[in-house]
>>> print(open('query-v8.txt').read())   # compact mmCIF, C-alpha atoms
# COMPACT_ATOMS: atom_id res chain seq x y z
CA MET A 7 15.73 4.69 -28.65
CA LYS A 8 13.32 4.54 -31.56
CA THR A 9 11.30 1.69 -30.06
CA ILE A 10 10.58 1.04 -26.39
CA ILE A 11 9.62 -2.52 -25.45
CA GLU A 12 7.51 -2.71 -22.27
CA LEU A 13 6.49 -5.78 -20.30
CA TYR A 14 2.84 -4.98 -19.74
CA ASP A 15 1.89 -4.20 -16.13
CA GLU A 16 -1.59 -3.92 -14.63
CA GLN A 17 -0.63 -0.47 -13.34
CA SER A 18 -0.87 1.81 -16.36
CA LEU A 19 1.50 4.39 -14.93
CA LEU A 20 4.37 1.90 -15.03
CA ASN A 21 3.61 1.15 -18.70
CA LEU A 22 3.64 4.79 -19.77
CA LEU A 23 6.39 6.42 -17.70
CA ALA A 24 9.12 5.74 -20.25
CA VAL A 25 7.21 6.79 -23.35
CA CYS A 26 6.26 10.05 -21.62
CA VAL A 27 9.99 10.78 -21.32
CA VAL A 28 11.60 9.23 -24.41
CA GLN A 29 9.82 11.41 -26.92
CA PRO A 30 9.86 12.64 -29.59
CA GLN A 31 12.73 10.15 -30.14
CA ALA A 32 10.54 7.10 -29.47
CA GLU A 33 8.58 6.33 -32.62
CA ASN A 34 7.03 3.15 -31.23
CA VAL A 35 6.15 1.56 -27.90
CA VAL A 36 5.45 -2.17 -27.88
CA PHE A 37 3.65 -3.80 -24.95
CA ILE A 38 4.32 -7.50 -24.43
CA GLY A 39 1.62 -9.27 -22.41
CA GLN A 40 -1.46 -11.48 -22.39
CA PHE A 41 -3.94 -9.83 -24.76
CA ARG A 42 -6.27 -12.71 -25.65
CA ASP A 43 -9.46 -10.62 -25.62
CA ARG A 44 -9.34 -8.55 -28.79
CA ARG A 45 -12.11 -6.18 -27.70
CA LYS A 46 -10.44 -5.38 -24.44
CA THR A 47 -7.09 -4.98 -26.17
CA ALA A 48 -8.59 -2.62 -28.76
CA ALA A 49 -10.19 -0.58 -25.97
CA MET A 50 -6.90 -0.48 -24.07
CA LYS A 51 -5.03 0.67 -27.18
CA GLN A 52 -7.62 3.39 -27.76
CA TRP A 53 -7.28 4.55 -24.17
CA VAL A 54 -3.44 4.58 -24.27
CA ASP A 55 -3.41 6.43 -27.60
CA GLY A 56 -5.87 8.98 -26.22
CA PHE A 57 -3.84 9.54 -23.06
CA LEU A 58 -0.62 10.04 -25.00
CA GLN A 59 -2.31 12.30 -27.54
CA LYS A 60 -3.55 14.59 -24.75
CA ARG A 61 0.06 14.95 -23.65
CA GLY A 62 1.12 15.77 -27.20
CA ILE A 63 2.90 12.43 -27.73
CA LYS A 64 2.62 10.91 -31.23
CA THR A 65 4.38 7.61 -30.50
CA LYS A 66 2.68 4.62 -32.15
CA THR A 67 1.52 1.84 -29.82
CA TYR A 68 1.49 -1.92 -30.40
CA PHE A 69 0.14 -4.73 -28.21
CA VAL A 70 1.84 -8.12 -28.75
CA HIS A 71 0.11 -11.12 -27.21
CA THR A 72 2.09 -13.91 -25.58
CA ASP A 73 1.57 -16.35 -22.74
CA THR A 74 3.42 -14.61 -19.90
CA SER A 75 3.36 -17.82 -17.87
CA ASP A 76 5.43 -19.52 -20.57
CA TYR A 77 9.09 -18.55 -20.27
CA ASN A 78 10.00 -19.55 -23.85
CA ALA A 79 6.94 -17.84 -25.32
CA VAL A 80 7.95 -14.52 -23.77
CA ILE A 81 11.50 -14.83 -25.17
CA GLU A 82 10.12 -15.64 -28.62
CA ALA A 83 7.77 -12.63 -28.55
CA LEU A 84 10.63 -10.36 -27.54
CA LEU A 85 12.90 -11.72 -30.28
CA LYS A 86 10.24 -11.21 -32.95
CA THR A 87 9.57 -7.68 -31.71
CA ASN A 88 13.26 -6.83 -31.84
CA GLU A 89 13.44 -8.15 -35.44
CA ARG A 90 10.38 -6.19 -36.53
CA PHE A 91 11.29 -2.79 -35.07
CA SER A 92 14.54 -0.81 -35.27
CA GLY A 93 16.37 0.90 -32.42
CA CYS A 94 14.79 -1.17 -29.67
CA ALA A 95 15.43 -0.60 -25.96
CA LEU A 96 13.89 -2.65 -23.14
CA GLU A 97 12.28 -0.90 -20.16
CA VAL A 98 11.77 -3.25 -17.21
CA CYS A 99 9.89 -1.28 -14.58
CA GLY A 100 6.72 -3.37 -14.71
CA GLY A 101 5.69 -6.88 -15.68
CA GLN A 102 5.41 -10.29 -14.01
CA TYR A 103 8.43 -12.01 -12.49
CA LEU A 104 8.64 -14.84 -15.04
CA ALA A 105 8.39 -12.35 -17.91
CA LEU A 106 11.17 -10.27 -16.34
CA LEU A 107 13.37 -13.37 -16.09
CA ALA A 108 12.71 -14.17 -19.75
CA ALA A 109 13.47 -10.55 -20.69
CA GLY A 110 16.87 -10.84 -19.01
CA VAL A 111 17.77 -13.90 -21.08
CA PHE A 112 16.49 -12.21 -24.24
CA ALA A 113 18.55 -9.09 -23.54
CA GLU A 114 21.70 -11.17 -23.14
CA ARG A 115 21.12 -12.85 -26.50
CA VAL A 116 20.63 -9.66 -28.52
CA GLN A 117 22.63 -7.20 -26.39
CA ILE A 118 19.71 -4.77 -26.34
CA PRO A 119 19.89 -1.56 -24.19
CA ILE A 120 18.04 -1.97 -20.89
CA PHE A 121 16.82 0.71 -18.49
CA HIS A 122 14.14 1.06 -15.84
CA TYR A 123 12.38 3.49 -13.55
CA SER A 124 13.53 2.89 -9.97
CA ILE A 125 10.54 3.21 -7.67
CA ALA A 126 12.85 3.31 -4.65
CA ASN A 127 15.13 6.04 -6.03
CA LYS A 128 12.40 7.91 -7.94
CA ARG A 129 14.42 8.18 -11.15
CA PHE A 130 15.26 6.44 -14.41
CA GLU A 131 18.44 4.36 -14.35
CA ASN A 132 20.62 2.71 -16.96
CA ILE A 133 20.96 -1.04 -16.51
CA ARG A 134 23.04 -1.77 -19.58
CA HIS A 135 23.98 0.13 -22.75
CA ALA A 136 21.31 2.80 -22.03
CA GLU A 137 23.46 5.56 -20.55
CA GLU A 138 21.06 8.28 -21.69
CA ALA A 139 18.46 6.90 -19.28
CA ASP A 140 20.43 8.39 -16.38
CA THR A 141 19.60 11.85 -17.77
CA PHE A 142 15.85 11.26 -18.16
CA LYS A 143 13.70 13.46 -15.94
CA THR A 144 10.71 12.00 -14.18
CA PRO A 145 7.56 13.18 -16.02
CA ALA A 146 5.11 15.41 -14.18
CA PHE A 147 1.47 14.35 -14.02
CA THR A 148 -1.61 16.18 -12.78
CA ALA A 149 -3.92 14.77 -10.13
CA GLU A 150 -6.58 14.23 -12.78
CA GLU A 151 -4.12 12.33 -14.99
CA MET A 152 -3.21 10.09 -12.05
CA ILE A 153 -6.89 9.26 -11.59
CA GLU A 154 -7.19 8.60 -15.33
CA LEU A 155 -4.16 6.28 -15.18
CA ALA A 156 -6.12 4.23 -12.64
CA HIS A 157 -8.90 3.93 -15.26
CA ALA A 158 -11.24 5.84 -12.99
CA GLY A 159 -13.27 8.91 -13.94
CA ARG A 160 -13.89 12.29 -12.43
CA MET A 161 -17.49 13.20 -11.71
CA ASN A 162 -19.13 16.55 -11.07
CA GLY A 163 -19.48 17.51 -7.43
CA GLY A 164 -17.39 18.29 -4.39
CA HIS A 165 -18.17 21.31 -2.24
CA PHE A 166 -14.97 23.18 -3.17
CA SER A 167 -13.85 21.63 -6.45
CA SER A 168 -15.88 24.09 -8.55
CA PHE A 169 -14.49 27.19 -6.82
CA ARG A 170 -11.48 29.14 -8.03
CA LEU A 171 -9.24 29.50 -4.98
CA THR A 172 -7.59 32.91 -5.46
CA SER A 173 -4.91 34.61 -3.34
CA SER A 174 -7.69 36.43 -1.50
CA CYS A 175 -9.30 33.08 -0.76
CA THR A 176 -5.97 31.83 0.63
CA GLU A 177 -6.07 34.58 3.25
CA ASP A 178 -9.65 33.62 4.09
CA VAL A 179 -8.58 29.99 4.58
CA ARG A 180 -5.78 31.14 6.89
CA ALA A 181 -8.30 33.17 8.92
CA LEU A 182 -10.61 30.14 9.08
CA TRP A 183 -7.67 27.96 10.18
CA ARG A 184 -6.85 30.31 13.06
CA LEU A 185 -10.47 30.17 14.20
CA PHE A 186 -10.46 26.40 13.89
CA LEU A 187 -7.33 26.00 16.04
CA SER A 188 -8.71 28.39 18.67
CA HIS A 189 -12.10 26.62 18.89
CA LYS A 190 -11.15 23.10 17.84
CA SER A 191 -12.86 21.31 20.73
CA ASP A 192 -16.20 23.01 19.95
CA TRP A 193 -15.91 23.05 16.18
CA HIS A 194 -18.50 20.35 15.42
CA ARG A 195 -21.03 22.08 17.68
CA ILE A 196 -20.30 25.40 16.00
CA MET A 197 -20.88 23.85 12.56
CA VAL A 198 -24.32 22.61 13.62
CA PHE A 199 -25.20 26.22 14.42
CA PHE A 200 -24.23 27.46 10.94
CA GLN A 201 -25.84 24.51 9.18
CA ALA A 202 -29.17 25.64 10.64
CA ALA A 203 -28.85 29.05 8.99
CA ARG A 204 -31.36 30.17 6.36
CA SER A 205 -30.28 32.04 3.24
CA ASP A 206 -32.13 34.84 1.50
CA LYS A 207 -33.33 33.46 -1.86
CA GLU A 208 -32.34 36.59 -3.76
CA HIS A 209 -29.16 37.12 -1.77
CA PRO A 210 -27.89 33.63 -0.78
CA LEU A 211 -24.91 34.97 1.21
CA GLN A 212 -27.25 36.90 3.54
CA ILE A 213 -28.04 34.70 6.51
CA THR A 214 -30.63 34.67 9.29
CA ILE A 215 -30.52 32.38 12.33
CA ASP A 216 -33.26 32.08 14.93
CA ARG A 217 -31.95 31.74 18.48
CA ALA A 218 -35.18 30.06 19.58
CA SER A 219 -34.01 26.48 19.19
CA SER A 220 -31.47 25.01 21.61
CA GLN A 221 -28.98 24.07 18.86
CA ASN A 222 -28.90 27.69 17.72
CA GLN A 223 -27.73 28.82 21.16
CA ALA A 224 -24.50 26.83 20.84
CA VAL A 225 -22.42 29.75 19.51
CA SER A 226 -21.70 32.77 21.63
CA ASN A 227 -21.98 36.36 20.49
CA GLY A 228 -18.26 36.57 21.19
CA PHE A 229 -17.47 33.96 18.55
CA LEU A 230 -19.70 35.72 16.01
CA ARG A 231 -17.91 39.02 16.65
CA GLU A 232 -14.59 37.21 16.31
CA LEU A 233 -15.78 35.81 13.00
CA GLU A 234 -16.71 39.30 11.82
CA GLU A 235 -13.31 40.67 12.88
CA THR A 236 -11.62 38.14 10.59
CA GLY A 237 -13.61 39.55 7.67
CA LEU A 238 -15.24 36.21 6.89
CA ILE A 239 -18.68 37.72 7.61
CA SER A 240 -19.95 41.29 7.64
CA GLY A 241 -23.04 43.24 8.71
CA LEU A 242 -23.44 41.21 11.91
CA SER A 243 -26.66 41.95 13.77
CA LEU A 244 -27.25 40.34 17.16
CA SER A 245 -30.78 41.59 17.71
CA SER A 246 -32.66 39.03 19.79
CA PRO A 247 -34.08 36.56 18.95
CA LYS A 248 -32.63 36.62 15.44
CA ILE A 249 -29.03 36.88 14.24
CA SER A 250 -28.16 38.06 10.74
CA PHE A 251 -24.96 38.57 8.76
CA THR A 252 -23.50 38.25 5.25
CA TYR A 253 -20.83 35.73 4.27
CA LYS A 254 -17.82 37.11 2.43
CA SER A 255 -18.06 34.48 -0.32
CA ARG A 256 -19.64 31.18 -1.33
CA ILE A 257 -16.43 29.42 -0.31
CA VAL A 258 -16.63 30.84 3.20
CA MET A 259 -20.29 29.87 3.46
CA ALA A 260 -19.53 26.30 2.36
CA ALA A 261 -16.60 26.10 4.79
CA MET A 262 -18.72 27.23 7.73
CA GLN A 263 -21.23 24.45 7.11
CA ASP A 264 -18.83 21.49 6.98
CA ALA A 265 -16.87 20.36 10.04
CA GLY A 266 -13.95 19.00 7.99
CA ALA A 267 -13.66 21.96 5.61
CA ALA A 268 -11.10 23.93 7.62
CA LEU A 269 -8.73 20.96 7.64
CA GLU A 270 -9.29 20.20 3.93
CA LEU A 271 -8.83 23.79 2.78
CA PHE A 272 -5.76 24.37 4.92
CA THR A 273 -4.14 21.16 3.65
CA TYR A 274 -4.94 22.23 0.09
CA ILE A 275 -3.46 25.75 0.33
CA SER A 276 -0.38 24.45 2.19
CA ILE A 277 0.36 22.22 -0.79
CA ARG A 278 -0.62 24.80 -3.41
CA ASN A 279 1.65 27.41 -1.83
CA HIS A 280 4.67 25.10 -2.24
CA PRO A 281 4.75 24.45 -6.00
CA GLY A 282 8.40 23.44 -5.80
CA PHE A 283 7.32 20.39 -3.79
CA PHE A 284 4.29 19.27 -5.81
CA ASN A 285 3.23 19.03 -9.46
CA ASP A 286 -0.45 19.44 -8.73
CA CYS A 287 -3.12 19.34 -6.05
CA GLU A 288 -6.89 18.98 -6.15
CA ILE A 289 -9.55 19.29 -3.47
CA ASN A 290 -12.84 17.37 -3.22
CA MET A 291 -12.42 15.18 -6.30
CA CYS A 292 -15.51 13.04 -6.85
CA ILE A 293 -14.30 9.80 -8.44
CA ASP A 294 -16.16 7.01 -10.22
CA TRP A 295 -14.00 3.91 -9.79
CA ASP A 296 -14.35 2.55 -13.33
CA GLY A 297 -15.16 5.79 -15.14
CA ALA A 298 -18.46 4.39 -16.39
CA GLY A 299 -20.86 6.81 -14.73
CA PRO A 300 -22.52 7.77 -11.44
CA SER A 301 -24.39 4.47 -11.06
CA HIS A 302 -21.11 2.70 -10.22
CA THR A 303 -18.85 2.76 -7.16
CA ALA A 304 -17.86 6.32 -6.31
CA ASN A 305 -15.98 8.20 -3.62
CA GLU A 306 -15.04 11.76 -2.77
CA LEU A 307 -11.33 12.37 -2.20
CA ASP A 308 -10.64 15.20 0.25
CA VAL A 309 -7.23 16.21 -1.12
CA VAL A 310 -5.09 14.61 -3.85
CA ALA A 311 -1.48 15.81 -4.24
CA VAL A 312 1.09 14.71 -6.82
CA SER A 313 4.86 15.01 -6.50
CA GLY A 314 6.83 13.40 -9.30
CA VAL A 315 5.01 10.12 -9.89
CA THR A 316 3.89 9.72 -6.27
CA THR A 317 0.27 10.47 -5.47
CA LEU A 318 -0.83 11.29 -1.93
CA PHE A 319 -4.45 10.49 -1.11
CA ILE A 320 -5.20 12.65 1.91
CA SER A 321 -8.25 12.10 4.09
CA CYS A 322 -9.10 14.96 6.47
CA LYS A 323 -11.01 14.08 9.64
CA SER A 324 -11.90 16.62 12.31
CA GLY A 325 -13.85 14.22 14.53
CA LYS A 326 -13.18 11.03 16.44
CA LEU A 327 -11.23 8.41 14.49
CA ASP A 328 -12.10 4.77 13.98
CA THR A 329 -10.91 1.88 11.84
CA ALA A 330 -13.47 2.66 9.12
CA PHE A 331 -11.53 5.83 8.23
CA LEU A 332 -8.29 3.87 7.98
CA ASN A 333 -9.83 1.14 5.83
CA GLU A 334 -11.43 3.68 3.50
CA ILE A 335 -8.29 5.70 2.72
CA TYR A 336 -6.21 2.52 2.39
CA THR A 337 -8.68 0.97 -0.07
CA LEU A 338 -8.90 4.16 -2.15
CA THR A 339 -5.11 4.44 -2.33
CA VAL A 340 -4.69 0.85 -3.49
CA ARG A 341 -7.47 1.12 -6.07
CA LEU A 342 -6.61 4.56 -7.47
CA GLY A 343 -2.88 4.85 -6.88
CA GLY A 344 -1.32 1.40 -6.76
CA ARG A 345 2.29 0.85 -5.73
CA LEU A 346 3.41 4.44 -6.27
CA ALA A 347 0.72 6.08 -4.10
CA LYS A 348 0.59 6.71 -0.36
CA PRO A 349 -2.36 7.19 2.01
CA VAL A 350 -2.38 10.05 4.51
CA LEU A 351 -4.79 10.72 7.36
CA MET A 352 -4.95 14.38 8.45
CA THR A 353 -6.69 14.72 11.79
CA ALA A 354 -7.67 17.41 14.25
CA ALA A 355 -6.77 15.15 17.17
CA LEU A 356 -3.82 16.29 19.27
CA PHE A 357 -2.16 13.04 18.32
CA PRO A 358 -4.32 10.31 16.83
CA GLY A 359 -4.01 6.87 18.23
CA ARG A 360 -1.60 7.55 21.08
CA ASP A 361 -4.46 6.91 23.45
CA ASN A 362 -5.53 3.98 21.27
CA ASN A 363 -2.59 1.75 20.47
CA ALA A 364 -4.67 -0.64 18.37
CA LEU A 365 -5.74 2.17 16.04
CA LEU A 366 -2.21 3.53 15.74
CA GLN A 367 -0.78 0.06 15.08
CA ARG A 368 -3.43 -0.63 12.42
CA ALA A 369 -2.52 2.60 10.62
CA LYS A 370 1.16 1.65 10.70
CA ASP A 371 0.43 -1.86 9.42
CA LEU A 372 -1.57 -0.41 6.52
CA GLY A 373 1.20 2.07 5.72
CA ILE A 374 -1.00 5.08 6.46
CA GLU A 375 0.83 8.26 7.42
CA GLN A 376 -0.96 9.99 10.29
CA ILE A 377 -0.54 13.75 10.66
CA ALA A 378 -2.22 15.56 13.53
CA VAL A 379 -2.68 19.27 14.16
CA SER A 380 -0.15 18.99 16.99
CA ASP A 381 2.41 17.70 14.48
CA ILE A 382 2.29 20.86 12.41
CA CYS A 383 1.66 23.50 15.10
CA PRO A 384 4.88 23.78 17.14
CA LEU A 385 3.24 25.71 19.98
CA MET A 386 0.50 23.12 20.33
CA ARG A 387 3.06 20.34 20.28
CA GLU A 388 5.01 22.04 23.05
CA GLY A 389 1.90 22.75 25.13
CA ARG A 390 2.27 26.53 24.70
CA PHE A 391 -0.67 27.17 22.38
CA LYS A 392 -2.91 30.02 23.54
CA GLY A 393 -5.56 30.12 20.86
CA GLY A 394 -5.94 33.15 18.61
CA GLU A 395 -3.17 34.97 20.44
CA SER A 396 -0.63 32.35 19.32
CA CYS A 397 -1.94 32.30 15.74
CA ALA A 398 -1.76 36.09 15.52
CA VAL A 399 1.98 35.88 16.17
CA CYS A 400 2.82 33.09 13.71
CA LEU A 401 0.07 33.77 11.13
CA THR A 402 -0.08 30.00 10.44
CA ARG A 403 3.04 30.04 8.28
CA ALA A 404 4.75 27.53 10.59
CA CYS A 405 1.80 25.16 10.16
CA GLU A 406 1.77 25.56 6.37
CA ASN A 407 5.51 25.05 5.96
CA THR A 408 5.70 22.09 8.33
CA LEU A 409 2.75 20.34 6.69
CA ALA A 410 4.06 20.88 3.14
CA GLN A 411 7.54 19.67 4.07
CA ARG A 412 6.23 16.59 5.84
CA LEU A 413 4.00 15.65 2.91
CA HIS A 414 6.84 16.23 0.46
CA ARG A 415 9.13 13.91 2.43
CA LEU A 416 6.61 11.12 1.91
CA CYS A 417 7.08 11.46 -1.84
CA ARG A 418 10.86 11.13 -1.84
>>> encode(input="query-v8.txt", output="structure tokens")
Amino acid sequence: MKTIIELYDEQSLLNLLAVCVVQPQAENVVFIGQFRDRRKTAAMKQWVDGFLQKRGIKTKTYFVHTDTSDYNAVIEALLKTNERFSGCALEVCGGQYLALLAAGVFAERVQIPIFHYSIANKRFENIRHAEEADTFKTPAFTAEEMIELAHAGRMNGGHFSSFRLTSSCTEDVRALWRLFLSHKSDWHRIMVFFQAARSDKEHPLQITIDRASSQNQAVSNGFLRELEETGLISGLSLSSPKISFTYKSRIVMAAMQDAGAALELFTYISIRNHPGFFNDCEINMCIDWDGAGPSHTANELDVVAVSGVTTLFISCKSGKLDTAFLNEIYTLTVRLGGRLAKPVLMTAALFPGRDNNALLQRAKDLGIEQIAVSDICPLMREGRFKGGESCAVCLTRACENTLAQRLHRLCR
């Protein structure tokens, strides 16, 4: 396969899957589609060339304009392409229906090899005279590449994206997760308490909280001692009316000031600790929809995981759910992931929507996978959860494994 002919698809991933696999054999990739606007076509070519170059692919790219609504015009463009380039093979994963029909007739005339990437089976398949396609491995992409393939851009920001999550940090997240499960019903109130804390300017991890205000009385001394026992804080002083302590790290401080952080971080480490399931995972990605700068539409993605060519956009919500959350994650998945992506809603609810059939049905209709804490904690699901005592026995490994396996199944 010296030349791959692609029917141009609006989803860039479908255009580039084959060339990311059939190299260095593929010398050329030719896109057949409607490219009337020369400026836009030149910009698209520059973008494609840049993306391939970053992956170390030197294949030359060509954009051939034809009227894809004209059956005969598509056949003519394909015939001319086949005459111009040697060793052509036709990949038919993307493209419009009429163009695909024309491609079938063209292939019969010239007996060209045909193959495609099966979205349903998650693999390349030979259709005719392209037996080697059955041996092609699905390319691995990073989360950032998946965002780039959606022609979006990554912005600076995100309360954890700049941190390096080490093995020591993983243990801190597990300790935070055990606290979260034990105090889930009061977690939002607890976060208000820590958000009111004041940092020392010279030593930002050293914290002082005044008990004088009512909101600062929401957390008991018992919880603070429990927090110190986990090692997440140290030097706890409970002298009235002020409380002081030192956070273990900036990550811990950020996590104790955001109600959804425990769920986000635990989801992230569960995925990261199962590299056999996922190519890549990112937390708190700030995305500009068109990559043109912060003045345009932007969103923060809680967790983005990639397995094969399937991207999971995971929204983590620790509070009460409503349709706005569902609409948001659905819209982001469609815009940034297209047909190969799936939306996931991680929630702290015991089981979201079971007491609200309309919400549950809406999630199902939108194709949103809902995963609740009770789904991944077997003791909670069975009604045998006893707070920290239960977590001390299982050390959260059951939660991690169950969550990673469930997310991986979505990508198959």
>>> residues_around(input="query-v8.txt", residues="Ser188 of chain A", least_positions_apart="3", cutoff="8 Å", atoms="only C-alpha atoms", output="list in words")
Arg184, Leu185, Lys392, Gly393 and Gly394 of chain A
>>> residues_near_point(input="query-v8.txt", point="(6.0, 0.1, -20.0)", cutoff="8 Å", atoms="only C-alpha atoms", output="MDAnalysis selection string")
chainID A and resid 10:15 18 20:25 37 97:100
>>> closest_residue(input="query-v8.txt", among="A:Leu338, A:Leu96, A:Ala139, A:Ile277", to="Ala304 of chain A", atoms="all atoms listed in the file")
A:Leu338
>>> residues_around(input="query-v8.txt", residues="Thr273 of chain A", least_positions_apart="5", cutoff="8 Å", atoms="all atoms listed in the file", output="ChimeraX atom specification")
/A:309,406,409
>>> closest_residue(input="query-v8.txt", among="A:Arg403, A:Arg341, A:Lys51, A:Arg418", to="Ala181 of chain A", atoms="all atoms listed in the file")
A:Arg403
>>> residues_around(input="query-v8.txt", residues="Arg368 of chain A", least_positions_apart="4", cutoff="10 Å", atoms="only C-alpha atoms", output="list in words")
Thr329, Leu332, Asn333, Gly359, Asn363, Ala364, Leu372, Gly373 and Ile374 of chain A
>>> residues_around(input="query-v8.txt", residues="segment 245-253 of chain A", least_positions_apart="5", cutoff="9 Å", atoms="all atoms listed in the file", output="NGL selection string")
:A and (210-218 or 234 or 237-240 or 258-259)
>>> write_last_selection(input="query-v8.txt", atoms="C-alpha atoms", output="short mmCIF file (atom, residue, chain, number, x, y, z; two decimals), in the coordinates of the input")
data_model
loop_
_atom_site.label_atom_id
_atom_site.label_comp_id
_atom_site.auth_asym_id
_atom_site.auth_seq_id
_atom_site.Cartn_x
_atom_site.Cartn_y
_atom_site.Cartn_z
CA PRO A 210 -27.89 33.63 -0.78
CA LEU A 211 -24.91 34.97 1.21
CA GLN A 212 -27.25 36.90 3.54
CA ILE A 213 -28.04 34.70 6.51
CA THR A 214 -30.63 34.67 9.29
CA ILE A 215 -30.52 32.38 12.33
CA ASP A 216 -33.26 32.08 14.93
CA ARG A 217 -31.95 31.74 18.48
CA ALA A 218 -35.18 30.06 19.58
CA GLU A 234 -16.71 39.30 11.82
CA GLY A 237 -13.61 39.55 7.67
CA LEU A 238 -15.24 36.21 6.89
CA ILE A 239 -18.68 37.72 7.61
CA SER A 240 -19.95 41.29 7.64
CA VAL A 258 -16.63 30.84 3.20
CA MET A 259 -20.29 29.87 3.46
#
>>> closest_residue(input="query-v8.txt", among="A:Ile335, A:Cys400, A:Leu342, A:Leu84", to="Thr317 of chain A", atoms="only C-alpha atoms")
A:Leu342
>>> decode(input="query-v8.txt", residues="segment 76-93 of chain A", atoms="N, CA and C atoms", output="PDB file, in the first residue's frame")
ATOM      1  N   ASP A  76     -22.363  14.420  -6.234  1.00  0.00           N
ATOM      2  CA  ASP A  76     -22.466  13.957  -7.622  1.00  0.00           C
ATOM      3  C   ASP A  76     -21.773  12.601  -7.727  1.00  0.00           C
ATOM      4  N   TYR A  77     -22.574  11.566  -7.870  1.00  0.00           N
ATOM      5  CA  TYR A  77     -22.090  10.186  -7.919  1.00  0.00           C
ATOM      6  C   TYR A  77     -20.999   9.989  -8.972  1.00  0.00           C
ATOM      7  N   ASN A  78     -21.222  10.477 -10.195  1.00  0.00           N
ATOM      8  CA  ASN A  78     -20.253  10.294 -11.281  1.00  0.00           C
ATOM      9  C   ASN A  78     -18.975  11.091 -11.049  1.00  0.00           C
ATOM     10  N   ALA A  79     -19.107  12.263 -10.425  1.00  0.00           N
ATOM     11  CA  ALA A  79     -17.935  13.092 -10.155  1.00  0.00           C
ATOM     12  C   ALA A  79     -17.000  12.401  -9.163  1.00  0.00           C
ATOM     13  N   VAL A  80     -17.562  11.731  -8.179  1.00  0.00           N
ATOM     14  CA  VAL A  80     -16.745  11.012  -7.199  1.00  0.00           C
ATOM     15  C   VAL A  80     -15.992   9.871  -7.882  1.00  0.00           C
ATOM     16  N   ILE A  81     -16.688   9.122  -8.742  1.00  0.00           N
ATOM     17  CA  ILE A  81     -16.046   8.011  -9.458  1.00  0.00           C
ATOM     18  C   ILE A  81     -14.904   8.532 -10.332  1.00  0.00           C
ATOM     19  N   GLU A  82     -15.138   9.646 -11.016  1.00  0.00           N
ATOM     20  CA  GLU A  82     -14.115  10.218 -11.886  1.00  0.00           C
ATOM     21  C   GLU A  82     -12.892  10.648 -11.076  1.00  0.00           C
ATOM     22  N   ALA A  83     -13.117  11.275  -9.924  1.00  0.00           N
ATOM     23  CA  ALA A  83     -12.000  11.709  -9.073  1.00  0.00           C
ATOM     24  C   ALA A  83     -11.191  10.518  -8.578  1.00  0.00           C
ATOM     25  N   LEU A  84     -11.888   9.448  -8.236  1.00  0.00           N
ATOM     26  CA  LEU A  84     -11.205   8.241  -7.772  1.00  0.00           C
ATOM     27  C   LEU A  84     -10.389   7.598  -8.896  1.00  0.00           C
ATOM     28  N   LEU A  85     -10.959   7.552 -10.096  1.00  0.00           N
ATOM     29  CA  LEU A  85     -10.252   6.967 -11.238  1.00  0.00           C
ATOM     30  C   LEU A  85      -8.984   7.756 -11.568  1.00  0.00           C
ATOM     31  N   LYS A  86      -9.084   9.073 -11.557  1.00  0.00           N
ATOM     32  CA  LYS A  86      -7.925   9.913 -11.846  1.00  0.00           C
ATOM     33  C   LYS A  86      -6.854   9.756 -10.771  1.00  0.00           C
ATOM     34  N   THR A  87      -7.283   9.635  -9.517  1.00  0.00           N
ATOM     35  CA  THR A  87      -6.321   9.447  -8.432  1.00  0.00           C
ATOM     36  C   THR A  87      -5.584   8.122  -8.587  1.00  0.00           C
ATOM     37  N   ASN A  88      -6.329   7.088  -8.934  1.00  0.00           N
ATOM     38  CA  ASN A  88      -5.728   5.769  -9.112  1.00  0.00           C
ATOM     39  C   ASN A  88      -4.730   5.751 -10.276  1.00  0.00           C
ATOM     40  N   GLU A  89      -4.999   6.562 -11.323  1.00  0.00           N
ATOM     41  CA  GLU A  89      -4.084   6.651 -12.462  1.00  0.00           C
ATOM     42  C   GLU A  89      -2.821   7.428 -12.100  1.00  0.00           C
ATOM     43  N   ARG A  90      -2.991   8.417 -11.248  1.00  0.00           N
ATOM     44  CA  ARG A  90      -1.864   9.300 -10.909  1.00  0.00           C
ATOM     45  C   ARG A  90      -0.880   8.647  -9.947  1.00  0.00           C
ATOM     46  N   PHE A  91      -1.409   7.884  -8.978  1.00  0.00           N
ATOM     47  CA  PHE A  91      -0.547   7.322  -7.936  1.00  0.00           C
ATOM     48  C   PHE A  91      -0.436   5.805  -8.095  1.00  0.00           C
ATOM     49  N   SER A  92       0.695   5.263  -7.682  1.00  0.00           N
ATOM     50  CA  SER A  92       0.904   3.807  -7.755  1.00  0.00           C
ATOM     51  C   SER A  92       0.572   3.153  -6.418  1.00  0.00           C
ATOM     52  N   GLY A  93       0.253   1.858  -6.492  1.00  0.00           N
ATOM     53  CA  GLY A  93       0.019   1.072  -5.278  1.00  0.00           C
ATOM     54  C   GLY A  93      -1.122   1.573  -4.431  1.00  0.00           C
TER      55      GLY A  93
END
